[in-house]
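*Asks:* Let me begin by handing over the structure; questions about it come next.
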Amino acid sequence: ENIKVKAADATDSGLKEKSFDYIIIGLVLHECSNDLRTGILQEAYRLLKDDGKLIILEWEQKSDRRSKIKYAPLYVLEVLNCRDFKEFYNCNKAEYFNENRFEMLTETHCNYSTVMVLRKK
């Protein structure tokens, strides 16, 4: 009963500031240009309560040869789809989110993805 669906721009939702305990962004940021990614994170920061959490699910960079080979077809499709994919995919996520005013609290590694829990700095 307390859930409402609203379609809005992820960089300017029009929602009330500091109105969410949690925001979840799943497999989105790697698809975005650097500017759009920054805008989405700025809006998430604005919308989160001071003690709120940002939960992000993203592709995880693999270092072992076998995983790289298994992931290769998806990696190629992502690179062809988004020119900024490689930069985001290869960056140090803790540093990246720190530069965008979030502190990484936990990072859980899954097969080809990672779940990061962040808080506002």
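To be explicit about the labels: the chains of the structure tokens are called A, B, and onward in the order shown, and within each one the residues are counted from 1, while ligands get numbers from 1 in the order they are shown.
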Name all residues at most 7 Å from stretch 79-92 of chain A (count only C-alpha atoms; drop same-chain ones fewer than 6 positions away) and give them as a list in words.
*Replies:*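 Within the cut-off, the hits are His30, Glu31, Cys32, Ser33, Asn34 and Gln61 of chain A.
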*Asks:* Could you write those residues out with N, CA and C atoms, as a compact mmCIF listing (two decimals), in the first residue's frame?
*Replies:*
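Result written to again14.txt:
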# COMPACT_ATOMS: atom_id res chain seq x y z
N HIS A 30 27.17 1.12 -15.58
CA HIS A 30 28.11 0.77 -16.66
C HIS A 30 27.56 1.10 -18.04
N GLU A 31 26.25 1.30 -18.13
CA GLU A 31 25.59 1.61 -19.41
C GLU A 31 25.60 3.11 -19.72
N CYS A 32 26.03 3.92 -18.78
CA CYS A 32 25.88 5.37 -18.88
C CYS A 32 27.17 6.07 -19.28
N SER A 33 26.99 7.24 -19.86
CA SER A 33 28.15 8.11 -20.09
C SER A 33 28.64 8.59 -18.73
N ASN A 34 29.85 9.11 -18.68
CA ASN A 34 30.40 9.61 -17.43
C ASN A 34 29.52 10.71 -16.84
N GLN A 61 35.01 -6.93 -12.50
CA GLN A 61 36.16 -7.25 -13.34
C GLN A 61 36.82 -8.52 -12.82
*Asks:* Could you pull out the residues in stretch 5-119 of chain A that DSSP calls alpha helix (DSSP H) from the backbone, as a ChimeraX atom specification?
*Replies:* /A:34-47,65-81,85-90,93-99
*Asks:* Could the residues in this selection be written to a file with N, CA and C atoms, as a short mmCIF file (atom, residue, chain, number, x, y, z; two decimals), in the first residue's frame?
*Replies:*
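out13.cif was written with the following content:
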data_model
loop_
_atom_site.label_atom_id
_atom_site.label_comp_id
_atom_site.auth_asym_id
_atom_site.auth_seq_id
_atom_site.Cartn_x
_atom_site.Cartn_y
_atom_site.Cartn_z
N ASN A 34 29.85 9.11 -18.68
CA ASN A 34 30.40 9.61 -17.43
C ASN A 34 29.52 10.71 -16.84
N ASP A 35 29.04 11.61 -17.68
CA ASP A 35 28.20 12.71 -17.19
C ASP A 35 26.88 12.20 -16.63
N LEU A 36 26.26 11.27 -17.31
CA LEU A 36 24.99 10.72 -16.83
C LEU A 36 25.19 9.96 -15.53
N ARG A 37 26.24 9.19 -15.45
CA ARG A 37 26.55 8.44 -14.23
C ARG A 37 26.72 9.40 -13.05
N THR A 38 27.44 10.48 -13.26
CA THR A 38 27.64 11.48 -12.21
C THR A 38 26.31 12.09 -11.79
N GLY A 39 25.47 12.41 -12.76
CA GLY A 39 24.15 12.98 -12.47
C GLY A 39 23.27 12.04 -11.66
N ILE A 40 23.30 10.76 -11.99
CA ILE A 40 22.52 9.77 -11.26
C ILE A 40 23.00 9.68 -9.82
N LEU A 41 24.30 9.67 -9.61
CA LEU A 41 24.84 9.59 -8.25
C LEU A 41 24.55 10.86 -7.45
N GLN A 42 24.58 12.01 -8.10
CA GLN A 42 24.23 13.26 -7.42
C GLN A 42 22.77 13.24 -6.97
N GLU A 43 21.90 12.72 -7.82
CA GLU A 43 20.48 12.64 -7.45
C GLU A 43 20.27 11.62 -6.34
N ALA A 44 20.97 10.51 -6.38
CA ALA A 44 20.87 9.52 -5.30
C ALA A 44 21.33 10.14 -3.98
N TYR A 45 22.41 10.90 -4.03
CA TYR A 45 22.92 11.58 -2.83
C TYR A 45 21.86 12.53 -2.28
N ARG A 46 21.25 13.29 -3.15
CA ARG A 46 20.22 14.26 -2.74
C ARG A 46 19.01 13.56 -2.12
N LEU A 47 18.62 12.43 -2.67
CA LEU A 47 17.41 11.74 -2.23
C LEU A 47 17.60 10.91 -0.96
N ARG A 65 42.06 -16.01 -16.11
CA ARG A 65 41.88 -16.23 -17.56
C ARG A 65 40.56 -16.93 -17.89
N ARG A 66 40.21 -17.94 -17.13
CA ARG A 66 38.98 -18.69 -17.41
C ARG A 66 37.74 -17.79 -17.31
N SER A 67 37.67 -17.00 -16.26
CA SER A 67 36.53 -16.09 -16.09
C SER A 67 36.50 -15.04 -17.19
N LYS A 68 37.66 -14.53 -17.56
CA LYS A 68 37.72 -13.53 -18.65
C LYS A 68 37.18 -14.12 -19.95
N ILE A 69 37.53 -15.36 -20.24
CA ILE A 69 37.06 -16.00 -21.47
C ILE A 69 35.55 -16.21 -21.43
N LYS A 70 35.03 -16.66 -20.30
CA LYS A 70 33.59 -16.88 -20.16
C LYS A 70 32.82 -15.57 -20.28
N TYR A 71 33.38 -14.50 -19.77
CA TYR A 71 32.72 -13.19 -19.76
C TYR A 71 32.92 -12.43 -21.07
N ALA A 72 33.85 -12.85 -21.91
CA ALA A 72 34.25 -12.11 -23.11
C ALA A 72 33.09 -11.70 -24.02
N PRO A 73 32.14 -12.58 -24.35
CA PRO A 73 31.05 -12.14 -25.24
C PRO A 73 30.24 -10.98 -24.66
N LEU A 74 29.93 -11.05 -23.38
CA LEU A 74 29.18 -9.96 -22.75
C LEU A 74 30.02 -8.69 -22.70
N TYR A 75 31.29 -8.83 -22.40
CA TYR A 75 32.20 -7.68 -22.34
C TYR A 75 32.24 -6.97 -23.70
N VAL A 76 32.37 -7.73 -24.78
CA VAL A 76 32.42 -7.14 -26.12
C VAL A 76 31.12 -6.39 -26.42
N LEU A 77 29.99 -6.98 -26.08
CA LEU A 77 28.70 -6.31 -26.31
C LEU A 77 28.60 -5.01 -25.51
N GLU A 78 29.06 -5.04 -24.28
CA GLU A 78 29.01 -3.84 -23.45
C GLU A 78 29.91 -2.74 -24.02
N VAL A 79 31.11 -3.11 -24.45
CA VAL A 79 32.05 -2.14 -25.02
C VAL A 79 31.46 -1.51 -26.28
N LEU A 80 30.81 -2.31 -27.10
CA LEU A 80 30.20 -1.79 -28.33
C LEU A 80 29.00 -0.90 -28.03
N ASN A 81 28.32 -1.17 -26.94
CA ASN A 81 27.10 -0.44 -26.58
C ASN A 81 27.38 0.91 -25.92
N PHE A 85 32.04 2.45 -21.07
CA PHE A 85 31.97 1.21 -20.30
C PHE A 85 33.33 0.79 -19.73
N LYS A 86 34.35 0.73 -20.59
CA LYS A 86 35.66 0.23 -20.14
C LYS A 86 36.23 1.06 -19.00
N GLU A 87 36.09 2.38 -19.11
CA GLU A 87 36.64 3.25 -18.06
C GLU A 87 35.99 2.94 -16.71
N PHE A 88 34.66 2.82 -16.69
CA PHE A 88 33.97 2.53 -15.44
C PHE A 88 34.25 1.11 -14.97
N TYR A 89 34.22 0.16 -15.88
CA TYR A 89 34.44 -1.25 -15.57
C TYR A 89 35.82 -1.47 -14.93
N ASN A 90 36.81 -0.76 -15.43
CA ASN A 90 38.19 -0.96 -14.97
C ASN A 90 38.59 -0.09 -13.79
N LYS A 93 36.40 0.98 -7.83
CA LYS A 93 35.05 1.43 -7.48
C LYS A 93 35.02 2.21 -6.16
N ALA A 94 35.79 1.79 -5.17
CA ALA A 94 35.81 2.52 -3.90
C ALA A 94 36.26 3.96 -4.11
N GLU A 95 37.31 4.15 -4.91
CA GLU A 95 37.79 5.50 -5.21
C GLU A 95 36.76 6.28 -6.03
N TYR A 96 36.18 5.61 -7.02
CA TYR A 96 35.19 6.28 -7.88
C TYR A 96 34.02 6.81 -7.05
N PHE A 97 33.47 5.96 -6.20
CA PHE A 97 32.32 6.40 -5.40
C PHE A 97 32.74 7.41 -4.35
N ASN A 98 33.94 7.32 -3.84
CA ASN A 98 34.47 8.31 -2.90
C ASN A 98 34.51 9.69 -3.56
N GLU A 99 34.94 9.73 -4.82
CA GLU A 99 34.98 11.00 -5.56
C GLU A 99 33.57 11.55 -5.78
#
*Asks:* Could you give me, as a PyMOL selection string, the residues within 12 Å of A:Cys110, counting only C-alpha atoms and dropping anything in the same chain fewer than 5 positions from it?
*Replies:* chain A and resi 57-62+115-116
*Asks:* Can you list every residue in chain A that DSSP puts in strand (DSSP E or B), as a PyMOL selection string?
*Replies:* chain A and resi 9+12+20-26+48-59+102-109+113-120
*Asks:* Atom CA of A:Thr114 to atom CA of A:Ile3: how many Å, to one decimal?
*Replies:*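 Value for the atom CA of A:Thr114-atom CA of A:Ile3 distance: 26.9 Å.
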*Asks:* Determine the nearest neighbour of A:Ser113 from the options A:Lys6, A:Leu27, A:Leu48, A:Asp64, counting only C-alpha atoms.
*Replies:*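 Closest to A:Ser113, using only C-alpha atoms: A:Leu27.
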*Asks:* Can you work out the spacing between atom CA of A:Ala8 and atom CA of A:Met104 in Å, to one decimal?
*Replies:* 26.4 Å
*Asks:* Could you jot down the atom CA of A:Ala7 to atom CA of A:Ile25 separation for me, Å, one decimal place?
*Replies:* 14.9 Å
